[in-house]
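Trainee: File structure05.cif follows (mmCIF, C-alpha atoms):
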```cif
data_protein
loop_
_atom_site.label_atom_id
_atom_site.label_comp_id
_atom_site.auth_asym_id
_atom_site.auth_seq_id
_atom_site.Cartn_x
_atom_site.Cartn_y
_atom_site.Cartn_z
CA MET N 1 0.00 0.00 0.00
CA ALA N 2 1.56 3.27 -1.00
CA VAL N 3 0.67 6.90 -1.45
CA ARG N 4 3.05 8.54 -3.86
CA ASN N 5 4.15 12.09 -4.43
CA THR N 6 6.24 12.01 -7.54
CA GLY N 7 8.00 14.63 -9.59
CA ASN N 8 8.27 12.23 -12.52
CA CYS N 9 4.56 11.96 -13.24
CA GLU N 10 2.27 12.67 -16.18
CA VAL N 11 -0.35 14.24 -13.90
CA ASP N 12 -0.16 18.00 -13.32
CA PHE N 13 -1.22 18.69 -9.76
CA GLU N 14 -2.89 21.91 -8.70
CA ALA N 15 -0.26 22.32 -5.97
CA ARG N 16 2.56 22.11 -8.52
CA VAL N 17 1.65 25.33 -10.38
CA ASP N 18 4.84 26.53 -12.15
CA VAL N 19 7.35 24.11 -10.66
CA GLN N 20 9.20 21.98 -13.20
CA THR N 21 10.13 18.41 -12.49
CA ILE N 22 13.86 17.68 -12.43
CA ALA N 23 13.52 15.93 -15.81
CA GLU N 24 11.67 18.94 -17.25
CA ALA N 25 14.47 21.15 -15.95
CA GLY N 26 17.02 19.24 -18.01
CA VAL N 27 18.11 16.13 -16.10
CA PRO N 28 16.89 13.24 -18.28
CA GLY N 29 16.39 9.90 -16.58
CA TYR N 30 16.04 11.45 -13.12
CA ASP N 31 13.66 9.24 -11.19
CA VAL N 32 13.35 9.80 -7.47
CA THR N 33 9.91 9.14 -6.11
CA ALA N 34 8.79 9.82 -2.57
CA TRP N 35 6.33 7.25 -1.30
CA GLN N 36 4.67 6.27 1.91
CA ALA N 37 3.55 2.84 3.03
CA LEU N 38 1.96 1.11 5.97
CA PHE N 39 4.02 -1.53 7.74
CA VAL N 40 3.01 -4.06 10.37
CA PRO N 41 5.10 -6.34 12.60
CA ALA N 42 6.60 -9.35 10.78
CA LYS N 43 4.40 -11.93 12.52
CA THR N 44 1.09 -10.17 11.77
CA PRO N 45 -1.43 -12.76 10.50
CA ALA N 46 -1.99 -12.67 6.72
CA GLU N 47 -5.74 -12.09 7.10
CA ILE N 48 -5.09 -8.92 9.12
CA VAL N 49 -2.56 -7.69 6.54
CA ARG N 50 -5.11 -8.34 3.76
CA LYS N 51 -7.82 -6.47 5.71
CA ILE N 52 -5.58 -3.44 6.33
CA SER N 53 -4.56 -3.46 2.66
CA ALA N 54 -8.14 -3.73 1.40
CA ASP N 55 -9.40 -0.98 3.74
CA THR N 56 -6.52 1.31 2.76
CA ASN N 57 -7.13 0.73 -0.94
CA THR N 58 -10.84 1.46 -0.46
CA ALA N 59 -10.01 4.73 1.29
CA LEU N 60 -7.49 5.73 -1.38
CA ALA N 61 -10.07 5.07 -4.10
CA ASP N 62 -12.59 7.44 -2.48
CA PRO N 63 -12.95 10.50 -4.76
CA ALA N 64 -12.99 12.92 -1.82
CA ILE N 65 -9.76 11.49 -0.43
CA LYS N 66 -8.11 11.35 -3.86
CA ASP N 67 -9.09 14.99 -4.46
CA LYS N 68 -7.77 16.15 -1.10
CA LEU N 69 -4.47 14.35 -1.63
CA ALA N 70 -4.17 15.66 -5.22
CA LYS N 71 -4.63 19.24 -4.00
CA ASN N 72 -1.55 18.64 -1.83
CA GLY N 73 0.49 17.17 -4.69
CA TYR N 74 -0.05 13.48 -3.98
CA LEU N 75 -1.06 10.82 -6.46
CA ALA N 76 -2.98 8.28 -4.39
CA GLU N 77 -2.22 4.75 -5.52
CA GLY N 78 -3.28 1.75 -3.53
CA SER N 79 -1.37 -1.47 -3.91
CA SER N 80 -0.94 -4.88 -2.32
CA PRO N 81 1.58 -6.27 0.15
CA GLU N 82 3.18 -8.12 -2.78
CA GLU N 83 3.51 -4.91 -4.81
CA LEU N 84 5.03 -3.15 -1.79
CA GLU N 85 7.54 -5.97 -1.38
CA LYS N 86 8.50 -5.60 -5.06
CA LEU N 87 8.84 -1.81 -4.66
CA LEU N 88 11.04 -2.24 -1.59
CA LYS N 89 13.35 -4.64 -3.44
CA LEU N 90 13.64 -2.23 -6.38
CA GLU N 91 14.32 0.73 -4.07
CA ILE N 92 16.94 -1.18 -2.10
CA ALA N 93 18.70 -2.24 -5.31
CA LYS N 94 18.56 1.29 -6.78
CA TRP N 95 19.83 3.07 -3.68
CA SER N 96 22.42 0.39 -2.89
CA ALA N 97 23.92 0.99 -6.34
CA VAL N 98 23.96 4.76 -5.75
CA ILE N 99 25.57 4.35 -2.34
CA LYS N 100 28.25 2.03 -3.73
CA SER N 101 28.93 4.19 -6.80
CA VAL N 102 29.65 7.32 -4.74
CA GLY N 103 31.41 5.48 -1.91
CA ILE N 104 29.09 6.39 0.95
CA LYS N 105 30.22 4.78 4.20
CA ILE N 106 28.62 4.64 7.64
CA ASP N 107 30.76 6.30 10.30
#
```
Could I get this file's structure written as structure tokens?
Mentor:
Amino acid sequence: MAVRNTGNCEVDFEARVDVQTIAEAGVPGYDVTAWQALFVPAKTPAEIVRKISADTNTALADPAIKDKLAKNGYLAEGSSPEELEKLLKLEIAKWSAVIKSVGIKID
């Protein structure tokens, strides 16, 4: 389950007004997306996870909620626990490569 606020999106949000995305400003291929997700403890029963996911997706599909989020620059997208797991793996791989390529170390 994720709610995204992305600067690399085809949707023009009311809150965006005259602000270019990084790609529009001349950095092709720039893709950094802020996202939010709901997490539960590892041992949470699957039926509870499915219920939370379904209820969240229902809320995010509500036109009033979508409109309120859009006015604040958010593109509301519900997903599933499996889609979130896939997103997390992609994000970890992407940012691990960035960290290694620039030599970031933990002090």
Trainee: Please indicate the distance in Å from atom CA of N:Gln20 to atom CA of N:Val32, rounded to one decimal place.
Mentor: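 Going from atom CA of N:Gln20 over to atom CA of N:Val32, I get 14.1 Å.
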Trainee: Using all atoms listed in the file, which residue out of N:Gly78, N:Gly26, N:Gly73, N:Gly103 lies closest to N:Thr56?
Mentor: N:Gly78
Trainee: Report, in Å to a single decimal, how far apart atom CA of N:Leu38 and atom CA of N:Asn72 are.
Mentor: 19.5 Å
Trainee: For a quick check of understanding, using all atoms listed in the file, which of N:Leu60, N:Ala34, N:Ile52, N:Ile22 has the smallest distance to N:Pro81?
Mentor: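 The closest residue to N:Pro81 is N:Ile52.
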Trainee: What's the separation between atom CA of N:Glu83 and atom CA of N:Ser101, in Å to one decimal place?
Mentor: 27.1 Å
Trainee: Would you list the residues near (-9.3, 7.9, -3.6), meaning any protein, DNA or RNA residue with an atom at most 12 Å from that point in file coordinates, counting all atoms listed in the file, as JSON, numbers by chain?
Mentor: {"N": [3, 55, 56, 57, 58, 59, 60, 61, 62, 63, 64, 65, 66, 67, 68, 69, 70, 74, 75, 76, 77, 78]}
Trainee: So which one's closest to N:Leu84, N:Val27, N:Lys105, N:Ala54, N:Ala37? Using only C-alpha atoms, please.
Mentor: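 Of all the options, N:Ala37 lies closest to N:Leu84.
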Trainee: Expand the PyMOL selection byres ((chain N and resi 82) around 12) into the individual residues it matches in the shown file, reporting them as a list in words.
Mentor: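 Written out, the selection comes to Met1, Ala2, Ala46, Val49, Arg50, Ser53, Gly78, Ser79, Ser80, Pro81, Glu83, Leu84, Glu85, Lys86, Leu87, Leu88 and Lys89 of chain N.
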